[in-house]
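Structure file work-v8.cif with mmCIF, C-alpha atoms and all ligand atoms:
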data_upload
loop_
_atom_site.label_atom_id
_atom_site.label_comp_id
_atom_site.auth_asym_id
_atom_site.auth_seq_id
_atom_site.Cartn_x
_atom_site.Cartn_y
_atom_site.Cartn_z
CA MET A 1 88.06 54.52 45.50
CA SER A 2 85.47 53.38 42.94
CA LEU A 3 83.01 50.67 43.83
CA ILE A 4 83.53 47.44 41.93
CA THR A 5 80.31 46.27 40.35
CA VAL A 6 79.45 44.00 37.45
CA ASP A 7 78.54 47.13 35.47
CA SER A 8 81.78 48.91 36.26
CA VAL A 9 83.77 45.88 35.09
CA ILE A 10 81.66 45.66 31.93
CA ASN A 11 82.27 49.35 31.30
CA SER A 12 86.02 48.80 31.40
CA LEU A 13 85.61 46.21 28.63
CA ARG A 14 83.77 48.66 26.40
CA LYS A 15 87.21 50.10 25.60
CA ILE A 16 88.34 46.90 23.88
CA ASP A 17 87.40 46.24 20.28
CA ASP A 18 87.29 42.87 18.58
CA PRO A 19 90.09 43.31 16.02
CA ASP A 20 88.14 41.63 13.23
CA LEU A 21 84.59 42.75 13.90
CA HIS A 22 85.61 46.34 14.80
CA LYS A 23 83.15 46.76 17.62
CA ASP A 24 83.67 46.65 21.34
CA LEU A 25 83.36 43.40 23.30
CA VAL A 26 80.26 44.54 25.19
CA THR A 27 78.34 45.64 22.09
CA LEU A 28 79.24 42.30 20.51
CA LYS A 29 77.83 40.52 23.59
CA MET A 30 81.09 38.67 24.12
CA VAL A 31 81.41 39.37 27.84
CA LYS A 32 79.85 36.60 29.94
CA ASP A 33 79.59 35.50 33.56
CA VAL A 34 81.15 38.48 35.31
CA LYS A 35 81.56 37.49 38.97
CA ILE A 36 82.85 39.62 41.81
CA ASP A 37 84.09 38.05 44.99
CA GLY A 38 85.65 40.62 47.33
CA LYS A 39 88.81 41.75 45.58
CA LYS A 40 88.59 39.11 42.89
CA VAL A 41 86.86 39.41 39.49
CA SER A 42 86.35 36.59 37.04
CA LEU A 43 84.69 36.64 33.65
CA ASN A 44 84.56 34.90 30.28
CA ILE A 45 85.15 36.48 26.91
CA GLU A 46 83.31 34.42 24.33
CA LEU A 47 85.01 34.66 20.93
CA THR A 48 83.45 33.77 17.59
CA THR A 49 86.16 31.16 17.01
CA PRO A 50 88.68 29.28 19.17
CA ALA A 51 91.17 29.98 16.36
CA CYS A 52 91.30 33.71 17.07
CA PRO A 53 94.54 35.31 15.86
CA LEU A 54 94.58 37.87 18.69
CA LYS A 55 93.24 35.80 21.56
CA ASP A 56 96.19 36.48 23.89
CA LYS A 57 96.28 40.19 23.12
CA MET A 58 92.57 40.57 23.86
CA LYS A 59 92.95 38.74 27.15
CA ASN A 60 95.89 40.93 28.21
CA ASP A 61 94.07 44.10 27.10
CA ALA A 62 90.98 43.08 29.10
CA ILE A 63 93.02 42.51 32.26
CA ALA A 64 94.88 45.82 31.76
CA GLU A 65 91.68 47.87 31.28
CA ILE A 66 89.98 46.35 34.32
CA LYS A 67 93.10 46.91 36.43
CA LYS A 68 93.36 50.53 35.28
CA ASP A 69 89.78 51.30 36.34
CA HIS A 70 89.90 49.15 39.49
CA PRO A 71 93.43 49.30 40.93
CA GLU A 72 92.23 47.86 44.23
CA LEU A 73 91.52 44.45 42.66
CA GLU A 74 93.86 41.68 43.74
CA GLU A 75 92.94 39.06 41.18
CA ILE A 76 91.49 39.32 37.68
CA GLU A 77 90.68 36.08 35.93
CA VAL A 78 89.74 36.31 32.25
CA ASN A 79 88.84 33.05 30.52
CA MET A 80 88.78 33.01 26.74
CA THR A 81 85.96 30.77 25.49
CA SER A 82 84.35 30.48 22.09
CA ASN A 83 81.08 29.86 20.36
CA VAL A 84 81.58 29.67 16.61
CA THR A 85 79.02 31.71 14.69
CA THR A 86 76.95 30.51 11.78
CA GLN A 87 74.50 31.86 9.18
CA ASP A 88 70.85 31.07 8.77
CA ASP A 89 70.74 29.11 5.52
CA GLU A 90 67.96 26.81 4.33
CA LYS A 91 70.19 24.61 2.18
CA MET A 92 72.62 24.22 5.06
CA LYS A 93 69.82 23.17 7.43
CA GLU A 94 68.67 20.57 4.92
CA TYR A 95 72.04 18.95 4.16
CA LEU A 96 74.22 19.74 7.16
CA PRO A 97 71.97 20.63 10.07
CA HIS A 98 74.68 20.50 12.75
CA VAL A 99 77.49 22.08 10.78
CA LYS A 100 78.11 25.76 11.43
CA ASN A 101 80.37 26.68 8.52
CA THR A 102 81.48 25.13 5.23
CA ILE A 103 84.61 26.13 3.34
CA ALA A 104 85.64 24.96 -0.13
CA VAL A 105 89.36 24.76 -0.84
CA ALA A 106 89.70 25.24 -4.58
CA SER A 107 92.16 26.15 -7.30
CA GLY A 108 92.07 26.72 -11.01
CA LYS A 109 95.22 24.78 -11.77
CA GLY A 110 95.82 21.22 -10.59
CA GLY A 111 98.67 20.14 -8.36
CA VAL A 112 99.13 23.48 -6.59
CA GLY A 113 98.67 21.89 -3.16
CA LYS A 114 94.94 22.17 -2.40
CA SER A 115 94.78 18.82 -0.64
CA THR A 116 98.01 19.44 1.27
CA VAL A 117 96.72 22.84 2.39
CA ALA A 118 93.22 21.51 3.19
CA VAL A 119 94.61 18.69 5.36
CA ASN A 120 97.08 20.83 7.28
CA LEU A 121 94.57 23.66 7.75
CA ALA A 122 91.95 21.24 9.05
CA VAL A 123 94.38 19.80 11.59
CA ALA A 124 95.64 23.29 12.54
CA LEU A 125 92.07 24.48 13.25
CA ALA A 126 91.40 21.35 15.31
CA LYS A 127 94.60 21.98 17.30
CA ASP A 128 93.16 25.40 18.15
CA GLY A 129 90.12 23.65 19.63
CA ALA A 130 87.64 23.84 16.73
CA LYS A 131 85.45 20.90 15.71
CA VAL A 132 86.57 20.19 12.17
CA GLY A 133 85.52 17.88 9.35
CA LEU A 134 87.17 17.29 5.98
CA LEU A 135 85.14 16.13 2.98
CA ASP A 136 87.13 14.94 0.01
CA ALA A 137 85.05 16.15 -2.93
CA ASP A 138 87.73 15.18 -5.44
CA PHE A 139 85.99 12.07 -6.73
CA TYR A 140 88.45 11.74 -9.62
CA GLY A 141 91.60 11.77 -7.54
CA PRO A 142 90.78 11.35 -3.87
CA SER A 143 94.07 11.91 -2.06
CA ILE A 144 92.78 12.51 1.47
CA PRO A 145 92.81 8.84 2.64
CA LEU A 146 96.51 8.53 1.78
CA MET A 147 97.38 11.94 3.20
CA LEU A 148 95.70 11.15 6.51
CA GLY A 149 96.89 7.56 6.73
CA ILE A 150 93.42 6.00 6.62
CA ASN A 151 92.85 2.66 5.03
CA GLU A 152 89.57 1.30 6.38
CA ARG A 153 85.92 1.30 5.54
CA PRO A 154 83.54 3.52 7.46
CA LEU A 155 80.77 1.95 9.54
CA MET A 156 77.05 2.58 9.22
CA VAL A 157 74.80 3.58 12.09
CA ASN A 158 71.10 4.02 12.45
CA LYS A 159 70.37 7.58 13.45
CA ASP A 160 66.88 9.03 13.79
CA GLY A 161 65.52 6.15 11.70
CA LYS A 162 68.07 6.70 8.89
CA GLN A 163 71.15 4.72 7.95
CA LYS A 164 74.16 7.01 8.14
CA ILE A 165 77.85 6.63 7.34
CA VAL A 166 80.15 7.29 10.31
CA PRO A 167 83.04 9.49 9.15
CA LEU A 168 86.48 8.19 10.00
CA GLU A 169 88.62 10.14 12.43
CA ASN A 170 92.31 10.87 12.64
CA TYR A 171 94.40 13.70 14.10
CA GLY A 172 91.30 15.21 15.72
CA ILE A 173 89.25 15.66 12.53
CA LYS A 174 86.33 13.80 10.95
CA ILE A 175 86.97 12.66 7.42
CA MET A 176 84.96 11.32 4.50
CA SER A 177 86.26 10.37 1.08
CA ILE A 178 85.11 8.22 -1.82
CA GLY A 179 88.52 6.58 -1.40
CA PHE A 180 87.12 4.87 1.73
CA LEU A 181 84.37 3.21 -0.30
CA VAL A 182 85.95 2.14 -3.57
CA ASP A 183 89.04 0.09 -4.18
CA ASN A 184 92.14 2.13 -5.01
CA ASN A 185 92.69 0.19 -8.19
CA ASP A 186 89.12 0.46 -9.44
CA PRO A 187 88.83 3.24 -11.98
CA VAL A 188 85.48 4.91 -11.41
CA ILE A 189 84.01 6.86 -14.28
CA TRP A 190 82.19 9.77 -12.73
CA ARG A 191 79.90 11.97 -14.73
CA GLY A 192 79.21 15.50 -13.51
CA SER A 193 75.74 14.74 -12.18
CA MET A 194 77.10 11.71 -10.32
CA VAL A 195 79.74 13.83 -8.62
CA SER A 196 77.25 16.38 -7.37
CA GLY A 197 74.85 13.60 -6.31
CA ALA A 198 77.60 11.79 -4.41
CA THR A 199 78.75 15.04 -2.78
CA LYS A 200 75.19 15.66 -1.62
CA GLN A 201 75.15 12.16 -0.14
CA PHE A 202 78.46 12.82 1.56
CA MET A 203 76.76 15.75 3.24
CA SER A 204 73.35 14.40 4.18
CA ASP A 205 74.09 10.67 4.57
CA VAL A 206 77.20 11.11 6.70
CA ASP A 207 76.84 11.50 10.43
CA TRP A 208 78.97 14.65 10.71
CA ASP A 209 77.32 15.60 13.97
CA GLU A 210 78.34 19.01 15.33
CA LEU A 211 81.11 20.77 13.46
CA ASP A 212 82.40 24.33 13.54
CA TYR A 213 84.06 24.04 10.14
CA LEU A 214 83.55 21.47 7.39
CA ILE A 215 86.28 21.82 4.78
CA PHE A 216 85.73 20.57 1.22
CA ASP A 217 88.75 19.57 -0.82
CA LEU A 218 87.59 20.26 -4.39
CA PRO A 219 88.91 18.84 -7.64
CA PRO A 220 91.03 21.31 -9.66
CA GLY A 221 89.66 23.44 -12.44
CA THR A 222 86.77 25.70 -13.28
CA GLY A 223 84.77 23.40 -15.54
CA ASP A 224 81.29 21.99 -15.28
CA ILE A 225 82.02 19.78 -12.29
CA GLN A 226 83.47 22.59 -10.19
CA LEU A 227 80.66 24.93 -11.14
CA THR A 228 78.06 22.30 -10.22
CA LEU A 229 79.80 21.67 -6.90
CA ALA A 230 80.03 25.39 -6.12
CA GLN A 231 76.27 25.57 -6.63
CA SER A 232 75.23 22.37 -4.91
CA ILE A 233 77.24 22.66 -1.69
CA PRO A 234 75.86 25.20 0.77
CA LEU A 235 79.05 27.19 1.23
CA THR A 236 79.95 29.81 3.80
CA GLY A 237 82.81 30.65 1.48
CA SER A 238 85.74 29.45 -0.58
CA VAL A 239 89.49 29.81 -0.41
CA ILE A 240 91.64 29.73 -3.50
CA VAL A 241 95.03 28.06 -3.44
CA THR A 242 97.63 29.21 -5.95
CA THR A 243 101.37 29.15 -6.46
CA PRO A 244 103.09 32.47 -7.26
CA GLN A 245 103.49 31.36 -10.89
CA ASP A 246 101.64 33.37 -13.58
CA VAL A 247 99.84 30.38 -15.09
CA SER A 248 98.59 29.32 -11.66
CA LEU A 249 97.56 32.88 -10.77
CA SER A 250 95.58 33.26 -13.95
CA ASP A 251 93.71 30.01 -13.22
CA ALA A 252 93.21 31.09 -9.60
CA SER A 253 91.63 34.30 -10.86
CA LYS A 254 89.21 32.23 -13.00
CA ALA A 255 88.30 30.07 -9.98
CA LEU A 256 87.69 33.14 -7.85
CA LYS A 257 85.43 34.68 -10.49
CA MET A 258 83.52 31.40 -10.83
CA PHE A 259 82.65 31.43 -7.10
CA ARG A 260 81.63 35.07 -7.23
CA LYS A 261 79.39 34.37 -10.23
CA VAL A 262 77.41 31.85 -8.21
CA ASN A 263 77.36 34.11 -5.14
CA VAL A 264 79.77 32.13 -3.00
CA PRO A 265 81.91 34.58 -1.02
CA VAL A 266 85.65 34.25 -1.53
CA LEU A 267 87.23 34.28 1.93
CA GLY A 268 90.75 34.74 0.62
CA ILE A 269 93.78 33.47 -1.24
CA ILE A 270 96.45 31.11 0.05
CA GLU A 271 99.77 31.00 -1.73
CA ASN A 272 101.46 27.61 -1.66
CA MET A 273 105.04 26.84 -2.69
CA SER A 274 105.84 30.50 -2.03
CA TYR A 275 109.59 29.96 -1.78
CA PHE A 276 112.20 27.38 -0.86
CA ILE A 277 114.89 27.69 1.78
CA ALA A 278 117.73 25.28 1.04
CA PRO A 279 118.35 23.37 4.26
CA ASP A 280 122.11 23.11 3.66
CA THR A 281 122.88 26.73 2.76
CA GLY A 282 119.89 28.63 4.12
CA ASN A 283 119.58 30.38 0.73
CA ARG A 284 116.10 31.38 -0.36
CA TYR A 285 114.87 30.52 -3.84
CA ASN A 286 111.65 31.91 -5.29
CA ILE A 287 111.07 28.88 -7.47
CA PHE A 288 107.67 29.92 -8.81
CA GLY A 289 108.17 33.70 -8.56
CA GLU A 290 107.42 36.06 -5.72
CA GLY A 291 104.48 37.98 -4.29
CA GLY A 292 101.92 36.70 -6.83
CA GLY A 293 99.31 35.62 -4.27
CA GLN A 294 99.29 38.96 -2.49
CA LYS A 295 99.14 40.83 -5.80
CA LEU A 296 96.20 38.73 -7.00
CA ALA A 297 94.37 39.26 -3.71
CA ASP A 298 94.86 43.04 -4.06
CA GLU A 299 93.74 43.06 -7.68
CA LEU A 300 90.61 41.04 -7.02
CA GLU A 301 89.86 42.77 -3.73
CA THR A 302 90.04 39.77 -1.51
CA VAL A 303 92.16 38.85 1.50
CA PHE A 304 95.63 37.34 1.32
CA LEU A 305 95.46 34.67 4.02
CA GLY A 306 99.15 33.77 3.93
CA GLY A 307 101.85 31.77 2.19
CA ILE A 308 103.42 28.32 2.69
CA PRO A 309 106.94 27.56 1.45
CA ILE A 310 108.08 24.44 -0.40
CA ASP A 311 109.51 21.95 2.03
CA MET A 312 110.48 18.31 1.72
CA ALA A 313 108.83 17.48 5.03
CA ILE A 314 105.51 18.98 3.83
CA ARG A 315 105.60 16.66 0.82
CA GLU A 316 106.65 13.71 2.99
CA GLY A 317 103.78 14.53 5.35
CA GLY A 318 101.37 13.97 2.45
CA ASP A 319 102.94 10.70 1.36
CA SER A 320 103.40 9.19 4.81
CA GLY A 321 99.84 9.75 6.04
CA LYS A 322 100.99 11.97 8.89
CA PRO A 323 100.43 15.66 8.09
CA PHE A 324 103.30 18.10 8.52
CA VAL A 325 101.60 20.05 11.34
CA VAL A 326 101.27 16.80 13.32
CA SER A 327 104.86 15.63 12.79
CA TYR A 328 106.48 19.04 13.28
CA PRO A 329 104.22 20.93 15.68
CA GLU A 330 106.74 23.47 16.95
CA THR A 331 108.18 24.66 13.64
CA GLU A 332 108.00 27.97 11.83
CA TYR A 333 106.07 26.40 8.93
CA THR A 334 103.48 24.85 11.25
CA LYS A 335 103.00 28.32 12.71
CA LYS A 336 102.26 29.52 9.19
CA PHE A 337 99.52 26.89 8.76
CA ILE A 338 98.08 27.82 12.17
CA GLU A 339 98.17 31.52 11.29
CA ILE A 340 96.44 30.91 7.96
CA GLY A 341 93.79 28.81 9.74
CA ARG A 342 93.20 31.66 12.18
CA ASN A 343 93.01 34.25 9.39
CA LEU A 344 90.48 32.04 7.65
CA ALA A 345 88.41 31.58 10.80
CA ALA A 346 88.44 35.36 11.26
CA GLN A 347 87.10 35.84 7.73
CA VAL A 348 84.32 33.35 8.44
CA SER A 349 83.39 35.27 11.61
CA ILE A 350 83.40 38.56 9.68
CA ARG A 351 81.17 37.09 6.94
CA ASN A 352 78.74 35.73 9.51
CA SER A 353 78.56 39.02 11.38
CA ILE A 354 77.87 40.94 8.16
CA LYS A 355 75.25 38.44 6.99
CA ASN A 356 73.51 38.22 10.35
CA LYS A 357 73.47 42.00 10.77
CA ILE A 358 71.95 42.48 7.33
CA GLU A 359 69.24 39.99 8.20
CA ILE A 360 68.48 41.82 11.43
CA THR A 361 68.29 45.29 9.88
CA ILE A 362 66.15 44.36 6.86
N1 LIG B 1 104.37 23.34 0.36
C1 LIG B 1 104.72 22.20 -0.21
N2 LIG B 1 106.01 21.74 -0.12
C2 LIG B 1 106.39 20.57 -0.71
N3 LIG B 1 105.56 19.79 -1.43
C3 LIG B 1 104.29 20.19 -1.54
C4 LIG B 1 103.80 21.39 -0.94
N4 LIG B 1 102.47 21.49 -1.23
C5 LIG B 1 102.15 20.42 -1.96
N5 LIG B 1 103.24 19.63 -2.15
C6 LIG B 1 103.30 18.37 -2.92
O1 LIG B 1 102.87 18.67 -4.25
C7 LIG B 1 102.07 17.63 -4.78
C8 LIG B 1 100.68 18.19 -5.13
O2 LIG B 1 100.03 18.58 -3.93
P1 LIG B 1 98.49 18.31 -3.69
O3 LIG B 1 98.13 16.93 -4.02
O4 LIG B 1 98.19 18.81 -2.33
O5 LIG B 1 97.90 19.31 -4.78
P2 LIG B 1 96.39 19.44 -5.28
O6 LIG B 1 96.22 20.85 -5.71
O7 LIG B 1 95.46 18.91 -4.30
O8 LIG B 1 96.42 18.49 -6.54
P3 LIG B 1 95.14 18.04 -7.43
O9 LIG B 1 94.86 19.23 -8.30
O10 LIG B 1 95.64 16.86 -8.17
O11 LIG B 1 94.03 17.74 -6.47
C9 LIG B 1 102.02 16.56 -3.70
O12 LIG B 1 103.02 15.62 -3.99
C10 LIG B 1 102.36 17.31 -2.42
O13 LIG B 1 102.98 16.50 -1.45
MG MG B 2 93.97 17.40 -4.46
#

Can the structure from this file be put into structure tokens for me?
Amino acid sequence: MSLITVDSVINSLRKIDDPDLHKDLVTLKMVKDVKIDGKKVSLNIELTTPACPLKDKMKNDAIAEIKKDHPELEEIEVNMTSNVTTQDDEKMKEYLPHVKNTIAVASGKGGVGKSTVAVNLAVALAKDGAKVGLLDADFYGPSIPLMLGINERPLMVNKDGKQKIVPLENYGIKIMSIGFLVDNNDPVIWRGSMVSGATKQFMSDVDWDELDYLIFDLPPGTGDIQLTLAQSIPLTGSVIVTTPQDVSLSDASKALKMFRKVNVPVLGIIENMSYFIAPDTGNRYNIFGEGGGQKLADELETVFLGGIPIDMAIREGGDSGKPFVVSYPETEYTKKFIEIGRNLAAQVSIRNSIKNKIEITI
């Protein structure tokens, strides 16, 4: 019978790889607090995101490997914890010192569902236990206040000698939008420089506090404004939302290339309005075509993060101020949003691990 030691337990975990980072848990320094008490072992596995797509599988694999090497154990307790990774970035430290990752949700074409996707993804990531913020950077058509049912003005606080805006909160996320500050009926004429200036203020003058992911809902298009925003926001990466329709795909391709041009990594493509299942007949209709998002991701060598169908309740969720994933938590389509959120979080972790490794080896 082998002797159970902290080292022998750690050795068992060397056989398990993180599915995204492709290295074993011990090399990645994810195994923490191994404790042995007679015939009981407990330990923590610290993931790079609470929204890990394969959290349960890793836990089961860890228990199985330890059991295989130490059959005499009576109890094996594996706790899955997380500590979201970040990158060392000067601009990020200046504008968003407590925010670990920033993600822009963008599209070439308007009306493809960026805001709907951004809202539901933000809530899905928060449901997984991440600290999430949502910054409405669409100064021309801020739709976030309506979509999240917020109709109040944010407060100001004095923090470290500076006046800061307190973001509003709903459904477990922190939110900031120009819609909170100007009257709905007041047309505001924003010039490009004003938009980037206001976005900067929405980063540095808002008390975001600690966040794992700050999601930016961008205005549609690939013009001056979008280019300026892509350059002025310190971004971990961007995601491009498209429908399967050719005209939307071609604009999505332009948006993707714009981000690459200014060295913002593209974390992947999300296809919205992928198909429609008629509730009365169960028939499937590919209203905007089929498979376009995946094809575009393959062509442009990025990741297809997943697809969301057209559904009346998703639209109603936007209009009623209560997002779909909140109203219908146990549905197949909510699972799709959660899955896409997890795929996105995995891409962020992969980016951070590549970036941090490069910095170490240089
Ligand atoms: N999967 C979906 N099923 C049903 N309706 C949807 C879906 N996605 C978005 N919509 C609806 O389509 C319309 C446009 O969506 P949304 O406002 O999210 O798009 P957008 O890309 O942010 O638009 P803009 O370019 O104006 O910012 C909204 O009325 C929204 O409720
Ligand atoms: Mg929008």

Write out as a PyMOL selection string each polymer residue (protein, DNA or RNA) that has an atom no more than 12 Å from ligand MG 2 (chain B), with only C-alpha atoms and all ligand atoms counted.
chain A and resi 105-119+135-147+177+216-221+241+318

Given 5 Å of margin on each side, can you work out the centre and size in Å (one decimal) of an axis-aligned box holding every listed atom of ligand LIG 1 (chain B), as lines of an AutoDock Vina configuration file?
center_x = 100.2
center_y = 19.5
center_z = -4.0
size_x = 22.4
size_y = 17.7
size_z = 18.7

Residue neighbourhood Met258 in chain A, 9 Å, all atoms listed in the file, exclusion window fewer than 4 positions, as a list in words
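Near Met258 in chain A, the qualifying residues are Thr222, Gln226, Leu227, Ala230, Ser253, Lys254, Val262, Asn263 and Val264 of chain A.
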
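Closest approach to Pro50 in chain A from the set A:Leu73, A:Met80, A:Ile36, A:Leu134 is made by A:Met80, with distances taken over only C-alpha atoms.
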
Please provide as a PDB file with C-alpha atoms, keeping the file's coordinate frame all residues within 10 Å of Ile175 in chain A, with the sequence filter that same-chain residues fewer than 5 positions apart are discarded (counting only C-alpha atoms).
ATOM      1  CA  VAL A 119      94.610  18.690   5.360  1.00  0.00           C
ATOM      2  CA  VAL A 132      86.570  20.190  12.170  1.00  0.00           C
ATOM      3  CA  GLY A 133      85.520  17.880   9.350  1.00  0.00           C
ATOM      4  CA  LEU A 134      87.170  17.290   5.980  1.00  0.00           C
ATOM      5  CA  LEU A 135      85.140  16.130   2.980  1.00  0.00           C
ATOM      6  CA  ASP A 136      87.130  14.940   0.010  1.00  0.00           C
ATOM      7  CA  ILE A 144      92.780  12.510   1.470  1.00  0.00           C
ATOM      8  CA  PRO A 145      92.810   8.840   2.640  1.00  0.00           C
ATOM      9  CA  LEU A 148      95.700  11.150   6.510  1.00  0.00           C
ATOM     10  CA  ILE A 150      93.420   6.000   6.620  1.00  0.00           C
ATOM     11  CA  PRO A 154      83.540   3.520   7.460  1.00  0.00           C
ATOM     12  CA  VAL A 166      80.150   7.290  10.310  1.00  0.00           C
ATOM     13  CA  PRO A 167      83.040   9.490   9.150  1.00  0.00           C
ATOM     14  CA  LEU A 168      86.480   8.190  10.000  1.00  0.00           C
ATOM     15  CA  GLU A 169      88.620  10.140  12.430  1.00  0.00           C
ATOM     16  CA  ASN A 170      92.310  10.870  12.640  1.00  0.00           C
ATOM     17  CA  PHE A 180      87.120   4.870   1.730  1.00  0.00           C
ATOM     18  CA  VAL A 206      77.200  11.110   6.700  1.00  0.00           C
ATOM     19  CA  TRP A 208      78.970  14.650  10.710  1.00  0.00           C
ATOM     20  CA  LEU A 214      83.550  21.470   7.390  1.00  0.00           C
ATOM     21  CA  ILE A 215      86.280  21.820   4.780  1.00  0.00           C
TER      22      ILE A 215
END

Residue with smallest distance to Ala278 in chain A - pool A:Met203, A:Pro309, A:Val247, A:Asp17, counting only C-alpha atoms:
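When distances to Ala278 in chain A are compared using only C-alpha atoms, the smallest one comes from A:Pro309.
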
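Picture a line from CA of Asn120 in chain A to CA of Ser327 in chain A; it runs 10.9 Å.
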
Measure the distance from CA of Ile16 in chain A to CA of Lys59 in chain A in Å and round it to one decimal.
9.9 Å

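Across the structure, CA of Ala297 in chain A and CA of His22 in chain A are spaced 21.7 Å apart.
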
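Residues lying within 7 Å of range 332-342 of chain A, counting all atoms listed in the file and ignoring same-chain neighbours fewer than 2 positions away, are Ala51, Cys52, Pro53, Asn120, Leu121, Ala124, Leu125, Leu305, Gly306, Ile308, Val325, Tyr328, Pro329, Glu330, Leu344, Ala345 and Ala346 of chain A.
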
Please rebuild range 241-260 of chain A with N, CA and C atoms and give the result as a PDB file, in the frame of the given file.
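Saved to out_29.pdb:
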ATOM      1  N   VAL A 241      93.607  28.345  -3.611  1.00  0.00           N
ATOM      2  CA  VAL A 241      95.030  28.060  -3.440  1.00  0.00           C
ATOM      3  C   VAL A 241      95.727  28.288  -4.786  1.00  0.00           C
ATOM      4  N   THR A 242      96.862  28.970  -4.726  1.00  0.00           N
ATOM      5  CA  THR A 242      97.630  29.210  -5.950  1.00  0.00           C
ATOM      6  C   THR A 242      99.120  29.148  -5.625  1.00  0.00           C
ATOM      7  N   THR A 243      99.929  28.928  -6.636  1.00  0.00           N
ATOM      8  CA  THR A 243     101.370  29.150  -6.460  1.00  0.00           C
ATOM      9  C   THR A 243     101.640  30.560  -6.997  1.00  0.00           C
ATOM     10  N   PRO A 244     102.846  31.105  -6.760  1.00  0.00           N
ATOM     11  CA  PRO A 244     103.090  32.470  -7.260  1.00  0.00           C
ATOM     12  C   PRO A 244     103.288  32.542  -8.778  1.00  0.00           C
ATOM     13  N   GLN A 245     103.211  31.397  -9.453  1.00  0.00           N
ATOM     14  CA  GLN A 245     103.490  31.360 -10.890  1.00  0.00           C
ATOM     15  C   GLN A 245     102.333  31.957 -11.701  1.00  0.00           C
ATOM     16  N   ASP A 246     102.665  32.688 -12.785  1.00  0.00           N
ATOM     17  CA  ASP A 246     101.640  33.370 -13.580  1.00  0.00           C
ATOM     18  C   ASP A 246     100.509  32.460 -14.040  1.00  0.00           C
ATOM     19  N   VAL A 247     100.861  31.271 -14.545  1.00  0.00           N
ATOM     20  CA  VAL A 247      99.840  30.380 -15.090  1.00  0.00           C
ATOM     21  C   VAL A 247      98.885  29.916 -13.978  1.00  0.00           C
ATOM     22  N   SER A 248      99.432  29.733 -12.775  1.00  0.00           N
ATOM     23  CA  SER A 248      98.590  29.320 -11.660  1.00  0.00           C
ATOM     24  C   SER A 248      97.716  30.490 -11.191  1.00  0.00           C
ATOM     25  N   LEU A 249      98.303  31.694 -11.206  1.00  0.00           N
ATOM     26  CA  LEU A 249      97.560  32.880 -10.770  1.00  0.00           C
ATOM     27  C   LEU A 249      96.390  33.168 -11.707  1.00  0.00           C
ATOM     28  N   SER A 250      96.639  32.981 -12.994  1.00  0.00           N
ATOM     29  CA  SER A 250      95.580  33.260 -13.950  1.00  0.00           C
ATOM     30  C   SER A 250      94.423  32.271 -13.772  1.00  0.00           C
ATOM     31  N   ASP A 251      94.756  31.000 -13.488  1.00  0.00           N
ATOM     32  CA  ASP A 251      93.710  30.010 -13.220  1.00  0.00           C
ATOM     33  C   ASP A 251      93.018  30.272 -11.882  1.00  0.00           C
ATOM     34  N   ALA A 252      93.791  30.759 -10.906  1.00  0.00           N
ATOM     35  CA  ALA A 252      93.210  31.090  -9.600  1.00  0.00           C
ATOM     36  C   ALA A 252      92.185  32.217  -9.757  1.00  0.00           C
ATOM     37  N   SER A 253      92.531  33.172 -10.601  1.00  0.00           N
ATOM     38  CA  SER A 253      91.630  34.300 -10.860  1.00  0.00           C
ATOM     39  C   SER A 253      90.313  33.796 -11.470  1.00  0.00           C
ATOM     40  N   LYS A 254      90.427  32.820 -12.389  1.00  0.00           N
ATOM     41  CA  LYS A 254      89.210  32.230 -13.000  1.00  0.00           C
ATOM     42  C   LYS A 254      88.356  31.541 -11.927  1.00  0.00           C
ATOM     43  N   ALA A 255      89.035  30.799 -11.042  1.00  0.00           N
ATOM     44  CA  ALA A 255      88.300  30.070  -9.980  1.00  0.00           C
ATOM     45  C   ALA A 255      87.581  31.068  -9.076  1.00  0.00           C
ATOM     46  N   LEU A 256      88.285  32.127  -8.731  1.00  0.00           N
ATOM     47  CA  LEU A 256      87.690  33.140  -7.850  1.00  0.00           C
ATOM     48  C   LEU A 256      86.443  33.751  -8.496  1.00  0.00           C
ATOM     49  N   LYS A 257      86.573  34.063  -9.790  1.00  0.00           N
ATOM     50  CA  LYS A 257      85.430  34.680 -10.490  1.00  0.00           C
ATOM     51  C   LYS A 257      84.258  33.705 -10.597  1.00  0.00           C
ATOM     52  N   MET A 258      84.597  32.404 -10.751  1.00  0.00           N
ATOM     53  CA  MET A 258      83.520  31.400 -10.830  1.00  0.00           C
ATOM     54  C   MET A 258      82.704  31.404  -9.534  1.00  0.00           C
ATOM     55  N   PHE A 259      83.378  31.426  -8.383  1.00  0.00           N
ATOM     56  CA  PHE A 259      82.650  31.430  -7.100  1.00  0.00           C
ATOM     57  C   PHE A 259      81.803  32.693  -6.972  1.00  0.00           C
ATOM     58  N   ARG A 260      82.388  33.817  -7.365  1.00  0.00           N
ATOM     59  CA  ARG A 260      81.630  35.070  -7.230  1.00  0.00           C
ATOM     60  C   ARG A 260      80.371  35.053  -8.111  1.00  0.00           C
TER      61      ARG A 260
END
